[in-house]
Amino acid sequence: MSILLSVVCFVLTLYLFVLIVRIILTWVSSLPDPLRPVARFVGSLTDPVLRHFRGLIPPVRLGGAALDLSPILLFLLLGLLRGFVC
């Protein structure tokens, strides 16, 4: 495998882990102070991409709440892309 493909694989894998951290952080309603900068950083990495997916798939209404499916779609697409590239 070439160096470029290795770098692309590494970046895709790293972004998948960042997305997992983002999903976990959204489950926590009030973050402790030391984790807030981490959450902002992770959000700055994932929000621009997720915004595009939110435009494609609106949140699913579940009574008074809404379930955002954009991280799931992005996770699946990144996994497929990683499967083709790596």
# chains A, B, ... in the order shown; residues from 1 in each chain; ligands from 1
$ residues_around --residues "region 63-79 of chain A" --least-positions-apart "2" --cutoff "7 Å" --atoms "only C-alpha atoms" --output "list of chain:residue names"
A:Leu12, A:Leu16, A:Leu50, A:Phe53, A:Arg54, A:Ile57, A:Pro59, A:Val60, A:Arg61, A:Leu81, A:Arg82, A:Gly83
$ select_by_dssp --residues "region 16-51 of chain A" --states "alpha helix (DSSP H)" --output "tab-separated table (two decimals) with N, CA, C and O atoms, in the first residue's frame"
chain	number	residue	atom	x	y	z
A	16	LEU	N	-13.13	8.52	12.49
A	16	LEU	CA	-14.15	7.63	13.05
A	16	LEU	C	-14.10	7.64	14.58
A	16	LEU	O	-15.15	7.69	15.24
A	17	PHE	N	-12.90	7.61	15.15
A	17	PHE	CA	-12.78	7.67	16.61
A	17	PHE	C	-13.25	9.02	17.15
A	17	PHE	O	-13.91	9.08	18.19
A	18	VAL	N	-12.93	10.09	16.45
A	18	VAL	CA	-13.40	11.42	16.88
A	18	VAL	C	-14.92	11.46	16.83
A	18	VAL	O	-15.57	12.02	17.73
A	19	LEU	N	-15.52	10.87	15.82
A	19	LEU	CA	-16.98	10.83	15.72
A	19	LEU	C	-17.59	10.03	16.85
A	19	LEU	O	-18.62	10.41	17.42
A	20	ILE	N	-16.96	8.92	17.23
A	20	ILE	CA	-17.44	8.13	18.37
A	20	ILE	C	-17.39	8.97	19.65
A	20	ILE	O	-18.33	8.96	20.45
A	21	VAL	N	-16.29	9.69	19.85
A	21	VAL	CA	-16.18	10.56	21.03
A	21	VAL	C	-17.27	11.61	20.99
A	21	VAL	O	-17.90	11.89	22.02
A	22	ARG	N	-17.55	12.18	19.83
A	22	ARG	CA	-18.61	13.18	19.68
A	22	ARG	C	-19.96	12.60	20.10
A	22	ARG	O	-20.73	13.22	20.82
A	23	ILE	N	-20.25	11.39	19.63
A	23	ILE	CA	-21.53	10.75	19.95
A	23	ILE	C	-21.63	10.53	21.46
A	23	ILE	O	-22.66	10.81	22.07
A	24	ILE	N	-20.57	10.04	22.07
A	24	ILE	CA	-20.58	9.79	23.52
A	24	ILE	C	-20.75	11.10	24.29
A	24	ILE	O	-21.51	11.18	25.26
A	25	LEU	N	-20.06	12.15	23.87
A	25	LEU	CA	-20.15	13.43	24.57
A	25	LEU	C	-21.55	14.04	24.47
A	25	LEU	O	-21.97	14.76	25.37
A	26	THR	N	-22.27	13.77	23.40
A	26	THR	CA	-23.62	14.32	23.28
A	26	THR	C	-24.60	13.62	24.23
A	26	THR	O	-25.67	14.15	24.51
A	27	TRP	N	-24.25	12.44	24.71
A	27	TRP	CA	-25.12	11.75	25.66
A	27	TRP	C	-25.02	12.32	27.06
A	27	TRP	O	-25.90	12.11	27.89
A	36	ARG	N	-14.99	20.30	28.84
A	36	ARG	CA	-15.64	21.26	27.94
A	36	ARG	C	-14.74	21.69	26.78
A	36	ARG	O	-15.22	21.75	25.64
A	37	PRO	N	-13.45	21.98	27.00
A	37	PRO	CA	-12.60	22.30	25.84
A	37	PRO	C	-12.46	21.13	24.86
A	37	PRO	O	-12.41	21.33	23.65
A	38	VAL	N	-12.43	19.92	25.39
A	38	VAL	CA	-12.36	18.74	24.53
A	38	VAL	C	-13.62	18.64	23.68
A	38	VAL	O	-13.56	18.39	22.47
A	39	ALA	N	-14.77	18.86	24.31
A	39	ALA	CA	-16.04	18.79	23.58
A	39	ALA	C	-16.10	19.88	22.51
A	39	ALA	O	-16.60	19.62	21.40
A	40	ARG	N	-15.61	21.08	22.80
A	40	ARG	CA	-15.60	22.15	21.79
A	40	ARG	C	-14.69	21.79	20.63
A	40	ARG	O	-15.02	22.01	19.47
A	41	PHE	N	-13.52	21.21	20.93
A	41	PHE	CA	-12.58	20.82	19.89
A	41	PHE	C	-13.18	19.72	19.00
A	41	PHE	O	-13.12	19.80	17.77
A	42	VAL	N	-13.76	18.71	19.64
A	42	VAL	CA	-14.38	17.62	18.88
A	42	VAL	C	-15.53	18.16	18.04
A	42	VAL	O	-15.70	17.78	16.87
A	43	GLY	N	-16.31	19.07	18.60
A	43	GLY	CA	-17.40	19.68	17.84
A	43	GLY	C	-16.89	20.48	16.65
A	43	GLY	O	-17.50	20.46	15.58
A	44	SER	N	-15.77	21.17	16.83
A	44	SER	CA	-15.22	21.95	15.71
A	44	SER	C	-14.73	21.04	14.58
A	44	SER	O	-14.69	21.46	13.43
A	45	LEU	N	-14.36	19.81	14.91
A	45	LEU	CA	-13.93	18.86	13.88
A	45	LEU	C	-15.11	18.17	13.19
A	45	LEU	O	-15.02	17.83	12.01
A	46	THR	N	-16.19	17.96	13.92
A	46	THR	CA	-17.29	17.16	13.37
A	46	THR	C	-18.47	18.00	12.89
A	46	THR	O	-19.18	17.56	11.97
A	47	ASP	N	-18.72	19.15	13.48
A	47	ASP	CA	-19.90	19.95	13.11
A	47	ASP	C	-19.95	20.34	11.63
A	47	ASP	O	-21.02	20.24	11.02
A	48	PRO	N	-18.86	20.79	11.03
A	48	PRO	CA	-18.96	21.17	9.61
A	48	PRO	C	-19.43	20.02	8.71
A	48	PRO	O	-20.23	20.23	7.81
A	49	VAL	N	-18.95	18.82	8.97
A	49	VAL	CA	-19.36	17.68	8.14
A	49	VAL	C	-20.78	17.26	8.49
A	49	VAL	O	-21.59	16.98	7.59
A	50	LEU	N	-21.10	17.23	9.78
A	50	LEU	CA	-22.44	16.81	10.19
A	50	LEU	C	-23.52	17.77	9.69
A	50	LEU	O	-24.64	17.35	9.42
A	51	ARG	N	-23.20	19.05	9.57
A	51	ARG	CA	-24.17	20.02	9.05
A	51	ARG	C	-24.67	19.63	7.67
A	51	ARG	O	-25.85	19.77	7.37
$ select_by_dssp --residues "chain A" --states "strand (DSSP E or B)" --output "list of chain:residue names"
A:Val60, A:Arg61, A:Leu62, A:Ala65, A:Ala66, A:Leu67
$ residues_around --residues "Val8 (chain A)" --least-positions-apart "3" --cutoff "12 Å" --atoms "only C-alpha atoms" --output "ChimeraX atom specification"
/A:1-5,11-15,78,81-86
$ write_last_selection --atoms "N, CA and C atoms" --output "PDB file, in the first residue's frame"
ATOM      1  N   MET A   1       0.856  -1.167   0.000  1.00  0.00           N
ATOM      2  CA  MET A   1       0.000   0.000   0.000  1.00  0.00           C
ATOM      3  C   MET A   1       0.905   1.234   0.000  1.00  0.00           C
ATOM      4  N   SER A   2       0.507   2.217  -0.762  1.00  0.00           N
ATOM      5  CA  SER A   2       1.344   3.416  -0.856  1.00  0.00           C
ATOM      6  C   SER A   2       1.238   4.260   0.414  1.00  0.00           C
ATOM      7  N   ILE A   3       2.161   5.176   0.530  1.00  0.00           N
ATOM      8  CA  ILE A   3       2.188   6.070   1.701  1.00  0.00           C
ATOM      9  C   ILE A   3       0.915   6.913   1.745  1.00  0.00           C
ATOM     10  N   LEU A   4       0.465   7.396   0.588  1.00  0.00           N
ATOM     11  CA  LEU A   4      -0.741   8.231   0.543  1.00  0.00           C
ATOM     12  C   LEU A   4      -1.962   7.468   1.029  1.00  0.00           C
ATOM     13  N   LEU A   5      -2.110   6.215   0.586  1.00  0.00           N
ATOM     14  CA  LEU A   5      -3.245   5.409   1.046  1.00  0.00           C
ATOM     15  C   LEU A   5      -3.147   5.117   2.536  1.00  0.00           C
ATOM     16  N   VAL A  11      -6.201   8.764   8.618  1.00  0.00           N
ATOM     17  CA  VAL A  11      -7.080   9.915   8.838  1.00  0.00           C
ATOM     18  C   VAL A  11      -8.538   9.464   8.960  1.00  0.00           C
ATOM     19  N   LEU A  12      -8.967   8.546   8.112  1.00  0.00           N
ATOM     20  CA  LEU A  12     -10.342   8.041   8.200  1.00  0.00           C
ATOM     21  C   LEU A  12     -10.586   7.332   9.528  1.00  0.00           C
ATOM     22  N   THR A  13      -9.623   6.517   9.950  1.00  0.00           N
ATOM     23  CA  THR A  13      -9.765   5.816  11.231  1.00  0.00           C
ATOM     24  C   THR A  13      -9.793   6.799  12.393  1.00  0.00           C
ATOM     25  N   LEU A  14      -8.916   7.779  12.355  1.00  0.00           N
ATOM     26  CA  LEU A  14      -8.886   8.798  13.404  1.00  0.00           C
ATOM     27  C   LEU A  14     -10.204   9.571  13.458  1.00  0.00           C
ATOM     28  N   TYR A  15     -10.742   9.928  12.287  1.00  0.00           N
ATOM     29  CA  TYR A  15     -12.001  10.672  12.257  1.00  0.00           C
ATOM     30  C   TYR A  15     -13.157   9.813  12.767  1.00  0.00           C
ATOM     31  N   LEU A  78     -18.273   6.711   6.387  1.00  0.00           N
ATOM     32  CA  LEU A  78     -16.830   6.657   6.646  1.00  0.00           C
ATOM     33  C   LEU A  78     -16.333   5.216   6.719  1.00  0.00           C
ATOM     34  N   LEU A  81     -16.203   3.948   3.136  1.00  0.00           N
ATOM     35  CA  LEU A  81     -15.061   4.566   2.460  1.00  0.00           C
ATOM     36  C   LEU A  81     -13.752   3.950   2.936  1.00  0.00           C
ATOM     37  N   ARG A  82     -13.659   3.745   4.233  1.00  0.00           N
ATOM     38  CA  ARG A  82     -12.451   3.121   4.793  1.00  0.00           C
ATOM     39  C   ARG A  82     -12.294   1.699   4.279  1.00  0.00           C
ATOM     40  N   GLY A  83     -13.419   0.991   4.128  1.00  0.00           N
ATOM     41  CA  GLY A  83     -13.367  -0.375   3.603  1.00  0.00           C
ATOM     42  C   GLY A  83     -12.860  -0.431   2.163  1.00  0.00           C
ATOM     43  N   PHE A  84     -13.207   0.562   1.364  1.00  0.00           N
ATOM     44  CA  PHE A  84     -12.733   0.604  -0.022  1.00  0.00           C
ATOM     45  C   PHE A  84     -11.276   1.025  -0.124  1.00  0.00           C
ATOM     46  N   VAL A  85     -10.868   1.963   0.725  1.00  0.00           N
ATOM     47  CA  VAL A  85      -9.532   2.528   0.624  1.00  0.00           C
ATOM     48  C   VAL A  85      -8.492   1.666   1.310  1.00  0.00           C
ATOM     49  N   CYS A  86      -8.827   1.120   2.469  1.00  0.00           N
ATOM     50  CA  CYS A  86      -7.800   0.451   3.290  1.00  0.00           C
ATOM     51  C   CYS A  86      -7.671  -1.019   2.971  1.00  0.00           C
TER      52      CYS A  86
END
